[in-house]
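Visitor: File follows, structure.pdb with PDB, C-alpha atoms and all ligand atoms:
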ATOM      1  CA  MET A  14      -2.700 -85.647 -90.524  1.00  0.00           C
ATOM      2  CA  ARG A  15      -3.684 -86.498 -86.945  1.00  0.00           C
ATOM      3  CA  LYS A  16      -4.931 -90.028 -86.535  1.00  0.00           C
ATOM      4  CA  LYS A  17      -8.333 -90.843 -85.083  1.00  0.00           C
ATOM      5  CA  ILE A  18      -8.032 -93.600 -82.513  1.00  0.00           C
ATOM      6  CA  ALA A  19     -10.584 -96.069 -81.133  1.00  0.00           C
ATOM      7  CA  VAL A  20      -9.620 -97.832 -77.910  1.00  0.00           C
ATOM      8  CA  PHE A  21     -11.278-101.215 -77.263  1.00  0.00           C
ATOM      9  CA  ALA A  22     -11.333-102.227 -73.592  1.00  0.00           C
ATOM     10  CA  SER A  23     -13.244-104.848 -71.631  1.00  0.00           C
ATOM     11  CA  GLY A  24     -12.359-103.934 -68.087  1.00  0.00           C
ATOM     12  CA  PHE A  25     -10.551-101.568 -65.774  1.00  0.00           C
ATOM     13  CA  GLY A  26      -9.022 -99.393 -68.485  1.00  0.00           C
ATOM     14  CA  SER A  27      -5.743 -98.381 -66.848  1.00  0.00           C
ATOM     15  CA  ASN A  28      -4.003 -98.550 -70.241  1.00  0.00           C
ATOM     16  CA  LEU A  29      -6.724 -96.372 -71.710  1.00  0.00           C
ATOM     17  CA  GLN A  30      -6.070 -93.922 -68.876  1.00  0.00           C
ATOM     18  CA  ALA A  31      -2.337 -93.932 -69.646  1.00  0.00           C
ATOM     19  CA  LEU A  32      -3.117 -93.021 -73.262  1.00  0.00           C
ATOM     20  CA  ILE A  33      -5.512 -90.253 -72.218  1.00  0.00           C
ATOM     21  CA  ASP A  34      -2.958 -88.866 -69.744  1.00  0.00           C
ATOM     22  CA  PHE A  35      -0.192 -88.967 -72.340  1.00  0.00           C
ATOM     23  CA  ASN A  36      -2.348 -86.850 -74.634  1.00  0.00           C
ATOM     24  CA  THR A  37      -3.001 -84.384 -71.826  1.00  0.00           C
ATOM     25  CA  ASP A  38       0.640 -83.971 -70.773  1.00  0.00           C
ATOM     26  CA  GLY A  39       2.142 -84.483 -74.234  1.00  0.00           C
ATOM     27  CA  ASP A  40       0.942 -85.576 -77.650  1.00  0.00           C
ATOM     28  CA  LEU A  41       0.213 -89.010 -79.083  1.00  0.00           C
ATOM     29  CA  GLY A  42      -0.047 -87.484 -82.537  1.00  0.00           C
ATOM     30  CA  GLY A  43      -3.638 -88.644 -82.621  1.00  0.00           C
ATOM     31  CA  ASP A  44      -6.902 -88.249 -80.762  1.00  0.00           C
ATOM     32  CA  ILE A  45      -8.944 -90.855 -78.943  1.00  0.00           C
ATOM     33  CA  ALA A  46     -12.289 -90.393 -80.649  1.00  0.00           C
ATOM     34  CA  LEU A  47     -14.015 -93.480 -79.329  1.00  0.00           C
ATOM     35  CA  VAL A  48     -13.861 -96.048 -76.550  1.00  0.00           C
ATOM     36  CA  PHE A  49     -15.667 -99.291 -77.247  1.00  0.00           C
ATOM     37  CA  SER A  50     -16.395-102.216 -74.956  1.00  0.00           C
ATOM     38  CA  ASN A  51     -18.123-105.581 -75.201  1.00  0.00           C
ATOM     39  CA  ASP A  52     -19.152-105.082 -71.563  1.00  0.00           C
ATOM     40  CA  PRO A  53     -21.451-102.218 -70.523  1.00  0.00           C
ATOM     41  CA  LYS A  54     -20.035-102.395 -66.983  1.00  0.00           C
ATOM     42  CA  ALA A  55     -16.408-101.880 -68.043  1.00  0.00           C
ATOM     43  CA  PHE A  56     -14.833 -99.159 -65.911  1.00  0.00           C
ATOM     44  CA  ALA A  57     -12.957 -98.038 -69.046  1.00  0.00           C
ATOM     45  CA  LEU A  58     -16.237 -96.551 -70.328  1.00  0.00           C
ATOM     46  CA  LYS A  59     -16.535 -94.359 -67.222  1.00  0.00           C
ATOM     47  CA  ARG A  60     -12.969 -93.145 -67.687  1.00  0.00           C
ATOM     48  CA  ALA A  61     -13.728 -92.188 -71.295  1.00  0.00           C
ATOM     49  CA  LYS A  62     -16.916 -90.334 -70.424  1.00  0.00           C
ATOM     50  CA  LYS A  63     -15.101 -88.388 -67.712  1.00  0.00           C
ATOM     51  CA  HIS A  64     -12.814 -87.087 -70.457  1.00  0.00           C
ATOM     52  CA  ASN A  65     -15.706 -86.380 -72.839  1.00  0.00           C
ATOM     53  CA  ILE A  66     -14.724 -89.172 -75.178  1.00  0.00           C
ATOM     54  CA  ARG A  67     -17.542 -90.962 -77.011  1.00  0.00           C
ATOM     55  CA  ALA A  68     -17.929 -94.282 -75.229  1.00  0.00           C
ATOM     56  CA  GLY A  69     -20.285 -97.189 -75.642  1.00  0.00           C
ATOM     57  CA  SER A  70     -20.730-100.902 -75.588  1.00  0.00           C
ATOM     58  CA  ILE A  71     -22.484-103.524 -77.630  1.00  0.00           C
ATOM     59  CA  ASN A  72     -23.364-106.850 -76.055  1.00  0.00           C
ATOM     60  CA  PRO A  73     -22.083-109.645 -78.307  1.00  0.00           C
ATOM     61  CA  SER A  74     -24.639-112.108 -76.957  1.00  0.00           C
ATOM     62  CA  GLY A  75     -27.345-110.270 -78.902  1.00  0.00           C
ATOM     63  CA  PHE A  76     -25.864-111.484 -82.220  1.00  0.00           C
ATOM     64  CA  ALA A  77     -25.995-114.814 -84.036  1.00  0.00           C
ATOM     65  CA  ASN A  78     -22.225-114.821 -84.521  1.00  0.00           C
ATOM     66  CA  ARG A  79     -19.106-112.713 -83.961  1.00  0.00           C
ATOM     67  CA  GLN A  80     -19.095-111.416 -87.523  1.00  0.00           C
ATOM     68  CA  ASP A  81     -22.579-109.925 -87.205  1.00  0.00           C
ATOM     69  CA  PHE A  82     -21.421-108.301 -83.961  1.00  0.00           C
ATOM     70  CA  GLU A  83     -18.435-106.790 -85.758  1.00  0.00           C
ATOM     71  CA  VAL A  84     -20.592-105.452 -88.609  1.00  0.00           C
ATOM     72  CA  GLU A  85     -22.212-103.198 -85.975  1.00  0.00           C
ATOM     73  CA  ILE A  86     -18.835-102.156 -84.566  1.00  0.00           C
ATOM     74  CA  LEU A  87     -17.521-101.384 -88.061  1.00  0.00           C
ATOM     75  CA  LYS A  88     -20.466 -99.048 -88.681  1.00  0.00           C
ATOM     76  CA  ILE A  89     -19.410 -96.958 -85.682  1.00  0.00           C
ATOM     77  CA  LEU A  90     -15.724 -97.055 -86.632  1.00  0.00           C
ATOM     78  CA  LYS A  91     -16.606 -95.771 -90.099  1.00  0.00           C
ATOM     79  CA  GLU A  92     -18.948 -93.126 -88.718  1.00  0.00           C
ATOM     80  CA  GLU A  93     -16.060 -91.795 -86.604  1.00  0.00           C
ATOM     81  CA  LYS A  94     -13.541 -92.233 -89.455  1.00  0.00           C
ATOM     82  CA  ILE A  95     -11.251 -94.246 -87.171  1.00  0.00           C
ATOM     83  CA  ASP A  96      -7.685 -94.776 -88.454  1.00  0.00           C
ATOM     84  CA  LEU A  97      -6.297 -96.918 -85.654  1.00  0.00           C
ATOM     85  CA  ILE A  98      -7.746 -99.453 -83.213  1.00  0.00           C
ATOM     86  CA  VAL A  99      -5.880 -99.824 -79.924  1.00  0.00           C
ATOM     87  CA  LEU A 100      -6.764-102.931 -77.933  1.00  0.00           C
ATOM     88  CA  ALA A 101      -6.308-102.253 -74.241  1.00  0.00           C
ATOM     89  CA  GLY A 102      -7.449-105.275 -72.311  1.00  0.00           C
ATOM     90  CA  TYR A 103     -10.093-106.144 -74.912  1.00  0.00           C
ATOM     91  CA  MET A 104     -10.861-109.741 -74.009  1.00  0.00           C
ATOM     92  CA  PHE A 105     -12.980-110.643 -77.006  1.00  0.00           C
ATOM     93  CA  LEU A 106     -11.375-112.150 -80.093  1.00  0.00           C
ATOM     94  CA  LEU A 107     -11.606-110.111 -83.285  1.00  0.00           C
ATOM     95  CA  THR A 108     -12.665-111.892 -86.469  1.00  0.00           C
ATOM     96  CA  PRO A 109     -11.063-111.568 -89.916  1.00  0.00           C
ATOM     97  CA  LEU A 110     -13.723-108.962 -90.713  1.00  0.00           C
ATOM     98  CA  ILE A 111     -12.311-106.160 -88.551  1.00  0.00           C
ATOM     99  CA  ILE A 112      -8.751-107.481 -88.818  1.00  0.00           C
ATOM    100  CA  GLY A 113      -9.025-107.367 -92.636  1.00  0.00           C
ATOM    101  CA  GLU A 114     -10.659-103.938 -92.711  1.00  0.00           C
ATOM    102  CA  TYR A 115      -8.006-102.548 -90.345  1.00  0.00           C
ATOM    103  CA  LYS A 116      -5.024-104.560 -91.632  1.00  0.00           C
ATOM    104  CA  ASN A 117      -1.829-103.351 -89.906  1.00  0.00           C
ATOM    105  CA  ARG A 118      -3.893-100.700 -88.110  1.00  0.00           C
ATOM    106  CA  ILE A 119      -4.717-102.611 -84.898  1.00  0.00           C
ATOM    107  CA  LEU A 120      -2.347-102.627 -81.930  1.00  0.00           C
ATOM    108  CA  ASN A 121      -2.487-104.854 -78.877  1.00  0.00           C
ATOM    109  CA  ILE A 122      -0.665-104.893 -75.566  1.00  0.00           C
ATOM    110  CA  HIS A 123       0.139-108.198 -73.916  1.00  0.00           C
ATOM    111  CA  PRO A 124       1.403-108.552 -70.325  1.00  0.00           C
ATOM    112  CA  ALA A 125       4.263-110.973 -71.115  1.00  0.00           C
ATOM    113  CA  LEU A 126       7.189-111.291 -73.496  1.00  0.00           C
ATOM    114  CA  LEU A 127       5.605-112.894 -76.558  1.00  0.00           C
ATOM    115  CA  PRO A 128       5.697-115.557 -77.804  1.00  0.00           C
ATOM    116  CA  SER A 129       5.763-116.729 -74.184  1.00  0.00           C
ATOM    117  CA  PHE A 130       2.640-116.836 -72.048  1.00  0.00           C
ATOM    118  CA  LYS A 131       0.018-116.064 -74.662  1.00  0.00           C
ATOM    119  CA  GLY A 132      -3.628-115.897 -73.666  1.00  0.00           C
ATOM    120  CA  THR A 133      -5.691-114.063 -71.121  1.00  0.00           C
ATOM    121  CA  ARG A 134      -3.584-114.928 -68.036  1.00  0.00           C
ATOM    122  CA  GLY A 135      -0.134-113.769 -69.151  1.00  0.00           C
ATOM    123  CA  ILE A 136       0.831-112.277 -65.773  1.00  0.00           C
ATOM    124  CA  LYS A 137      -0.315-115.190 -63.620  1.00  0.00           C
ATOM    125  CA  ASP A 138       1.048-117.816 -66.008  1.00  0.00           C
ATOM    126  CA  ALA A 139       4.539-116.240 -66.064  1.00  0.00           C
ATOM    127  CA  PHE A 140       4.534-115.870 -62.279  1.00  0.00           C
ATOM    128  CA  GLU A 141       3.395-119.430 -61.625  1.00  0.00           C
ATOM    129  CA  TYR A 142       5.856-120.842 -64.155  1.00  0.00           C
ATOM    130  CA  GLY A 143       8.654-119.410 -62.024  1.00  0.00           C
ATOM    131  CA  THR A 144      10.206-117.358 -64.806  1.00  0.00           C
ATOM    132  CA  ARG A 145      12.646-114.712 -63.574  1.00  0.00           C
ATOM    133  CA  ILE A 146      12.135-112.276 -66.430  1.00  0.00           C
ATOM    134  CA  SER A 147       8.800-111.526 -68.011  1.00  0.00           C
ATOM    135  CA  GLY A 148       7.606-108.250 -69.445  1.00  0.00           C
ATOM    136  CA  VAL A 149       5.305-106.449 -71.829  1.00  0.00           C
ATOM    137  CA  THR A 150       4.802-106.674 -75.597  1.00  0.00           C
ATOM    138  CA  VAL A 151       3.091-104.254 -77.955  1.00  0.00           C
ATOM    139  CA  HIS A 152       2.340-105.792 -81.333  1.00  0.00           C
ATOM    140  CA  PHE A 153       0.256-105.496 -84.465  1.00  0.00           C
ATOM    141  CA  VAL A 154      -2.785-107.746 -84.532  1.00  0.00           C
ATOM    142  CA  ASP A 155      -3.030-110.400 -87.220  1.00  0.00           C
ATOM    143  CA  GLY A 156      -5.342-113.390 -87.608  1.00  0.00           C
ATOM    144  CA  GLU A 157      -3.939-115.313 -84.630  1.00  0.00           C
ATOM    145  CA  PRO A 158      -4.252-114.246 -80.983  1.00  0.00           C
ATOM    146  CA  ASP A 159      -1.110-112.632 -79.486  1.00  0.00           C
ATOM    147  CA  ASN A 160       0.825-113.322 -82.659  1.00  0.00           C
ATOM    148  CA  GLY A 161       1.352-110.306 -84.941  1.00  0.00           C
ATOM    149  CA  PRO A 162       4.621-108.433 -85.632  1.00  0.00           C
ATOM    150  CA  ILE A 163       6.203-107.031 -82.474  1.00  0.00           C
ATOM    151  CA  ILE A 164       6.617-103.265 -82.167  1.00  0.00           C
ATOM    152  CA  MET A 165       8.087-102.972 -78.703  1.00  0.00           C
ATOM    153  CA  GLN A 166       8.995-105.144 -75.728  1.00  0.00           C
ATOM    154  CA  ALA A 167      10.180-104.258 -72.258  1.00  0.00           C
ATOM    155  CA  PRO A 168      11.399-106.644 -69.557  1.00  0.00           C
ATOM    156  CA  VAL A 169      10.040-106.906 -66.028  1.00  0.00           C
ATOM    157  CA  PHE A 170      12.085-108.830 -63.488  1.00  0.00           C
ATOM    158  CA  ILE A 171      10.408-111.110 -60.978  1.00  0.00           C
ATOM    159  CA  SER A 172      12.299-111.130 -57.723  1.00  0.00           C
ATOM    160  CA  GLN A 173      11.865-114.093 -55.417  1.00  0.00           C
ATOM    161  CA  ASP A 174      10.192-111.863 -52.839  1.00  0.00           C
ATOM    162  CA  ASP A 175       7.554-110.584 -55.267  1.00  0.00           C
ATOM    163  CA  THR A 176       3.971-111.568 -54.629  1.00  0.00           C
ATOM    164  CA  LEU A 177       1.739-111.984 -57.666  1.00  0.00           C
ATOM    165  CA  ASP A 178       0.152-108.675 -56.774  1.00  0.00           C
ATOM    166  CA  GLU A 179       3.495-106.865 -56.651  1.00  0.00           C
ATOM    167  CA  PHE A 180       4.590-108.418 -59.941  1.00  0.00           C
ATOM    168  CA  GLU A 181       1.308-107.402 -61.543  1.00  0.00           C
ATOM    169  CA  LYS A 182       1.814-103.798 -60.427  1.00  0.00           C
ATOM    170  CA  LYS A 183       5.281-103.797 -62.020  1.00  0.00           C
ATOM    171  CA  ILE A 184       3.844-105.101 -65.289  1.00  0.00           C
ATOM    172  CA  HIS A 185       1.141-102.426 -65.398  1.00  0.00           C
ATOM    173  CA  LYS A 186       3.657 -99.678 -64.675  1.00  0.00           C
ATOM    174  CA  VAL A 187       5.706-100.745 -67.698  1.00  0.00           C
ATOM    175  CA  GLU A 188       2.582-101.127 -69.852  1.00  0.00           C
ATOM    176  CA  HIS A 189       1.523 -97.581 -69.091  1.00  0.00           C
ATOM    177  CA  LYS A 190       4.954 -96.354 -70.120  1.00  0.00           C
ATOM    178  CA  ILE A 191       5.423 -98.193 -73.401  1.00  0.00           C
ATOM    179  CA  TYR A 192       1.905 -98.330 -74.878  1.00  0.00           C
ATOM    180  CA  PRO A 193       1.652 -94.567 -75.417  1.00  0.00           C
ATOM    181  CA  GLN A 194       5.120 -94.606 -76.989  1.00  0.00           C
ATOM    182  CA  ALA A 195       4.109 -97.317 -79.457  1.00  0.00           C
ATOM    183  CA  VAL A 196       0.837 -95.542 -80.306  1.00  0.00           C
ATOM    184  CA  LYS A 197       2.772 -92.323 -80.857  1.00  0.00           C
ATOM    185  CA  LEU A 198       5.135 -94.101 -83.268  1.00  0.00           C
ATOM    186  CA  PHE A 199       2.146 -95.409 -85.216  1.00  0.00           C
ATOM    187  CA  CYS A 200       0.486 -91.991 -85.309  1.00  0.00           C
ATOM    188  CA  GLY A 201       3.730 -90.450 -86.550  1.00  0.00           C
ATOM    189  CA  ASP A 202       3.939 -93.042 -89.384  1.00  0.00           C
ATOM    190  CA  LYS A 203       7.188 -94.333 -87.912  1.00  0.00           C
ATOM    191  CA  LEU A 204       6.407 -98.060 -88.082  1.00  0.00           C
ATOM    192  CA  LYS A 205       7.323-100.072 -91.145  1.00  0.00           C
ATOM    193  CA  ILE A 206       6.327-103.742 -91.284  1.00  0.00           C
ATOM    194  CA  GLU A 207       8.517-106.200 -93.203  1.00  0.00           C
ATOM    195  CA  GLY A 208       7.123-109.707 -92.705  1.00  0.00           C
ATOM    196  CA  ARG A 209       7.323-110.431 -88.972  1.00  0.00           C
ATOM    197  CA  LYS A 210       9.709-107.531 -88.315  1.00  0.00           C
ATOM    198  CA  VAL A 211       8.774-103.972 -87.487  1.00  0.00           C
ATOM    199  CA  GLU A 212      11.280-101.255 -88.239  1.00  0.00           C
ATOM    200  CA  ILE A 213      11.091 -98.019 -86.250  1.00  0.00           C
ATOM    201  CA  LEU A 214      11.898 -95.234 -88.689  1.00  0.00           C
ATOM    202  CA  PRO A 215      14.102 -92.335 -87.595  1.00  0.00           C
ATOM    203  CA  GLU A 216      12.657 -88.928 -86.664  1.00  0.00           C
TER     204      GLU A 216
HETATM  205  C1  LIG A 301      -3.469-105.428 -69.387  1.00  0.00           C
HETATM  206  O1  LIG A 301      -2.540-105.974 -68.479  1.00  0.00           O
HETATM  207  C2  LIG A 301      -3.261-106.001 -70.768  1.00  0.00           C
HETATM  208  O2  LIG A 301      -1.926-106.252 -71.058  1.00  0.00           O
HETATM  209  C3  LIG A 301      -4.045-107.280 -70.673  1.00  0.00           C
HETATM  210  O3  LIG A 301      -5.216-106.907 -69.988  1.00  0.00           O
HETATM  211  C4  LIG A 301      -4.876-105.897 -69.038  1.00  0.00           C
HETATM  212  C5  LIG A 301      -5.894-104.784 -69.136  1.00  0.00           C
HETATM  213  O4  LIG A 301      -5.704-103.870 -68.096  1.00  0.00           O
HETATM  214  N1  LIG A 301      -4.320-107.817 -71.967  1.00  0.00           N
HETATM  215  C6  LIG A 301      -4.235-109.125 -72.242  1.00  0.00           C
HETATM  216  O5  LIG A 301      -3.981-109.971 -71.404  1.00  0.00           O
HETATM  217  C7  LIG A 301      -4.472-109.484 -73.704  1.00  0.00           C
HETATM  218  N2  LIG A 301      -4.087-110.816 -73.976  1.00  0.00           N
HETATM  219  P1  LIG A 301      -6.420-102.444 -68.132  1.00  0.00           P
HETATM  220  O6  LIG A 301      -7.904-102.713 -68.407  1.00  0.00           O
HETATM  221  O7  LIG A 301      -6.201-101.878 -66.777  1.00  0.00           O
HETATM  222  O8  LIG A 301      -5.806-101.628 -69.227  1.00  0.00           O
END
Give the structure from this file in structure tokens form.
Guide:
Amino acid sequence: MRKKIAVFASGFGSNLQALIDFNTDGDLGGDIALVFSNDPKAFALKRAKKHNIRAGSINPSGFANRQDFEVEILKILKEEKIDLIVLAGYMFLLTPLIIGEYKNRILNIHPALLPSFKGTRGIKDAFEYGTRISGVTVHFVDGEPDNGPIIMQAPVFISQDDTLDEFEKKIHKVEHKIYPQAVKLFCGDKLKIEGRKVEILPE
């Protein structure tokens, strides 16, 4: 059965766009039914609306705590019968409520080779550290930020002539290539988790 996907994004939404485009040119094996943001001004919401995808935001500051905020999000996820949550630049930590409800059904993309350069500044931190190879990681989300079992990684080389801006562009190019592939594997039931390891099952 085709999976119903919710993409969570806080900002520009270029990874969301890559997923939308992949489903236009090819097939993710699932449909993006919802785009959610914690920020009403996120450009990702505009991208979704342009493609007639249900899109909306809830402001977390209107809630006493993060759990109450997530109760509202869960209502919408259930209404849309969402199977998979894809975090694409969602810069707001999930609580055990959603993580528990969607155990092994939340993917995240991180702009570095985990476990290096965790956090919200993965690109800048790797660049400033002077590392020669960084990259992109797609992983399942567990209780700890940037920690769950790794599905896919791809390297990005930093040449000594690269500016931060140039390096960032290289990272995004790789992100846009591998995230749709990882989502497609999930939608095709090709990912098997054994502890920290993820096995990609054959076709
Ligand atoms: C992406 O580079 C993604 O890897 C990063 O936010 C960016 C969102 O870009 N996520 C994290 O740093 C999570 N720790 P986008 O809005 O253009 O897709």
Visitor: Record the distance separating atom CA of Gly24 of chain A and atom CA of Ala61 of chain A, expressed in Å with one decimal.
Guide: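 Calculated distance between atom CA of Gly24 of chain A and atom CA of Ala61 of chain A is 12.3 Å.
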Visitor: Can you tell me, as a list in words, what residues are no more than 10 Å from Ile111 of chain A when counting only C-alpha atoms, ignoring any on the same chain fewer than 3 positions away?
Guide: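 Result of the neighbour search: Gln80, Glu83, Val84, Ile86, Leu87, Leu90, Ile98, Leu107, Thr108, Glu114, Tyr115, Lys116 and Ile119 of chain A.
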Visitor: Set out as a Markdown table a contact list for segment 90-125 of chain A and segment 164-179 of chain A with a cut-off of 12 Å, giving each residue of segment 90-125 of chain A that qualifies its closest atom pair and distance in Å to one decimal, counting all atoms listed in the file, ordered by chain and rising residue number.
Guide:
| residue | atom | partner | partner_atom | distance |
| --- | --- | --- | --- | --- |
| A:Asn117 | CA | A:Ile164 | CA | 11.5 |
| A:Ile119 | CA | A:Ile164 | CA | 11.7 |
| A:Leu120 | CA | A:Ile164 | CA | 9.0 |
| A:Asn121 | CA | A:Ile164 | CA | 9.8 |
| A:Ile122 | CA | A:Met165 | CA | 9.5 |
| A:His123 | CA | A:Gln166 | CA | 9.5 |
| A:Pro124 | CA | A:Val169 | CA | 9.8 |
| A:Ala125 | CA | A:Pro168 | CA | 8.5 |
Visitor: Give me the result of the PyMOL selection byres (((chain A and resi 28-36) around 8) and not hetatm) on this file, residue by residue, as JSON, numbers by chain.
Guide: {"A": [20, 22, 26, 27, 37, 38, 39, 40, 41, 44, 45, 57, 60, 101, 102, 188, 189, 190, 192, 193]}
Visitor: Could you write out the selected residues, including C-alpha atoms, as a compact mmCIF listing (two decimals), in the frame of the given file?
Guide:
# COMPACT_ATOMS: atom_id res chain seq x y z
CA VAL A 20 -9.62 -97.83 -77.91
CA ALA A 22 -11.33 -102.23 -73.59
CA GLY A 26 -9.02 -99.39 -68.48
CA SER A 27 -5.74 -98.38 -66.85
CA THR A 37 -3.00 -84.38 -71.83
CA ASP A 38 0.64 -83.97 -70.77
CA GLY A 39 2.14 -84.48 -74.23
CA ASP A 40 0.94 -85.58 -77.65
CA LEU A 41 0.21 -89.01 -79.08
CA ASP A 44 -6.90 -88.25 -80.76
CA ILE A 45 -8.94 -90.86 -78.94
CA ALA A 57 -12.96 -98.04 -69.05
CA ARG A 60 -12.97 -93.14 -67.69
CA ALA A 101 -6.31 -102.25 -74.24
CA GLY A 102 -7.45 -105.28 -72.31
CA GLU A 188 2.58 -101.13 -69.85
CA HIS A 189 1.52 -97.58 -69.09
CA LYS A 190 4.95 -96.35 -70.12
CA TYR A 192 1.90 -98.33 -74.88
CA PRO A 193 1.65 -94.57 -75.42
Visitor: Just checking: using all atoms listed in the file, which residue out of A:Lys88, A:Lys94, A:Arg134, A:Arg79 ends up closest to ligand LIG 301 (chain A)?
Guide: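 Answer, going by the shortest atom-to-atom distance: A:Arg134.
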Visitor: Considering all atoms listed in the file, state which residue in the set A:Gln194, A:Asn51, A:Thr133, A:Asn160 is at the smallest distance from ligand LIG 301 (chain A).
Guide: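 Ranked by minimum distance to ligand LIG 301 (chain A), first place goes to A:Thr133.
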Visitor: Convert the output of the PyMOL selection byres (((chain A and resi 184) around 8) and not hetatm) on the shown file into explicit residues, formatted as a PyMOL selection string.
Guide: chain A and resi 124+136+148-149+169+180-183+185-188
Visitor: Can you check which parts of segment 78-178 of chain A lie within 12 Å of segment 205-208 of chain A? Per residue, the shortest pair of atoms and distance in Å to one decimal, counting all atoms listed in the file, sorted by chain and number, as CSV.
Guide:
residue,atom,partner,partner_atom,distance
A:Lys116,CA,A:Ile206,CA,11.4
A:Asn117,CA,A:Ile206,CA,8.3
A:Arg118,CA,A:Ile206,CA,11.1
A:His152,CA,A:Ile206,CA,10.9
A:Phe153,CA,A:Ile206,CA,9.3
A:Asp155,CA,A:Gly208,CA,11.6
A:Gly161,CA,A:Gly208,CA,9.7
A:Pro162,CA,A:Ile206,CA,7.5
A:Ile163,CA,A:Ile206,CA,9.4
A:Ile164,CA,A:Ile206,CA,9.1
Visitor: Please evaluate the PyMOL selection byres (((chain A and resi 213) around 10) and not hetatm) against the structure above and give the resulting residues as a list in words.
Guide: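 Selection result, ordered by chain and number: Ile164, Met165, Ala195, Leu198, Phe199, Asp202, Lys203, Leu204, Lys205, Ile206, Lys210, Val211, Glu212, Leu214, Pro215 and Glu216 of chain A.
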Visitor: Could the residues in this selection be saved with C-alpha atoms as a JSON list (two decimals), in the frame of the given file?
Guide:
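out-v3.json, freshly written:
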[["chain", "number", "residue", "atom", "x", "y", "z"],
["A", 164, "ILE", "CA", 6.62, -103.26, -82.17],
["A", 165, "MET", "CA", 8.09, -102.97, -78.70],
["A", 195, "ALA", "CA", 4.11, -97.32, -79.46],
["A", 198, "LEU", "CA", 5.14, -94.10, -83.27],
["A", 199, "PHE", "CA", 2.15, -95.41, -85.22],
["A", 202, "ASP", "CA", 3.94, -93.04, -89.38],
["A", 203, "LYS", "CA", 7.19, -94.33, -87.91],
["A", 204, "LEU", "CA", 6.41, -98.06, -88.08],
["A", 205, "LYS", "CA", 7.32, -100.07, -91.14],
["A", 206, "ILE", "CA", 6.33, -103.74, -91.28],
["A", 210, "LYS", "CA", 9.71, -107.53, -88.32],
["A", 211, "VAL", "CA", 8.77, -103.97, -87.49],
["A", 212, "GLU", "CA", 11.28, -101.26, -88.24],
["A", 214, "LEU", "CA", 11.90, -95.23, -88.69],
["A", 215, "PRO", "CA", 14.10, -92.34, -87.60],
["A", 216, "GLU", "CA", 12.66, -88.93, -86.66]]
Visitor: Using the file's own x, y and z axes, so that the box edges lie along x, y and z, what centre and edge lengths in Å (one decimal) does a box around every listed atom of ligand LIG 301 (chain A) get when 3 Å is added on each side? Give it as JSON.
Guide:
{"center_x": -4.9, "center_y": -106.2, "center_z": -70.4, "size_x": 12.0, "size_y": 15.2, "size_z": 13.2}
Visitor: I'd like to know which of A:Lys17, A:Arg145, A:Arg67, A:Lys137 is closest to ligand LIG 301 (chain A), using all atoms listed in the file.
Guide: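 Nearest candidate to ligand LIG 301 (chain A) out of A:Lys17, A:Arg145, A:Arg67, A:Lys137: A:Lys137.
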Visitor: Which residues, written as a VMD selection string, have at least one atom at most 8 Å from Gly43 of chain A, with all atoms listed in the file counted and residues fewer than 5 positions away on the same chain left out?
Guide: chain A and resid 15 to 18 197 200
Visitor: Quick one: of A:Ala46, A:Ile89, A:Ala55, A:Ile71, who's nearest to ligand LIG 301 (chain A), counting only C-alpha atoms and all ligand atoms?
Guide: A:Ala55
Visitor: What does the structure give for the distance between atom CA of Ser23 of chain A and atom CA of Ser50 of chain A, in Å to one decimal?
Guide: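 About the pair atom CA of Ser23 of chain A and atom CA of Ser50 of chain A: they are 5.3 Å apart.
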Visitor: Could you write segment 126-133 of chain A of the block just shown to a file containing N, CA, C and O atoms, as a CSV table (one decimal), in the first residue's frame?
Guide:
chain,number,residue,atom,x,y,z
A,126,LEU,N,28.4,14.1,8.5
A,126,LEU,CA,28.5,12.6,8.7
A,126,LEU,C,28.4,12.3,10.2
A,126,LEU,O,29.3,12.4,10.9
A,127,LEU,N,27.2,11.9,10.6
A,127,LEU,CA,27.0,11.6,12.0
A,127,LEU,C,27.8,10.4,12.4
A,127,LEU,O,28.1,9.5,11.5
A,128,PRO,N,28.4,10.3,13.6
A,128,PRO,CA,28.0,11.1,14.7
A,128,PRO,C,28.8,12.4,14.8
A,128,PRO,O,28.8,13.1,15.9
A,129,SER,N,29.5,12.8,13.8
A,129,SER,CA,30.2,14.1,13.8
A,129,SER,C,29.3,15.3,13.6
A,129,SER,O,28.3,15.2,12.8
A,130,PHE,N,29.6,16.4,14.2
A,130,PHE,CA,28.9,17.7,13.9
A,130,PHE,C,27.4,17.6,14.1
A,130,PHE,O,26.7,17.9,13.1
A,131,LYS,N,27.0,17.1,15.2
A,131,LYS,CA,25.5,17.1,15.5
A,131,LYS,C,25.1,18.5,15.7
A,131,LYS,O,25.9,19.4,15.9
A,132,GLY,N,23.8,18.7,15.8
A,132,GLY,CA,23.2,20.0,16.1
A,132,GLY,C,22.7,20.8,14.9
A,132,GLY,O,22.5,20.2,13.8
A,133,THR,N,22.4,22.0,15.1
A,133,THR,CA,21.7,22.8,14.1
A,133,THR,C,22.7,23.5,13.2
A,133,THR,O,22.3,24.2,12.3
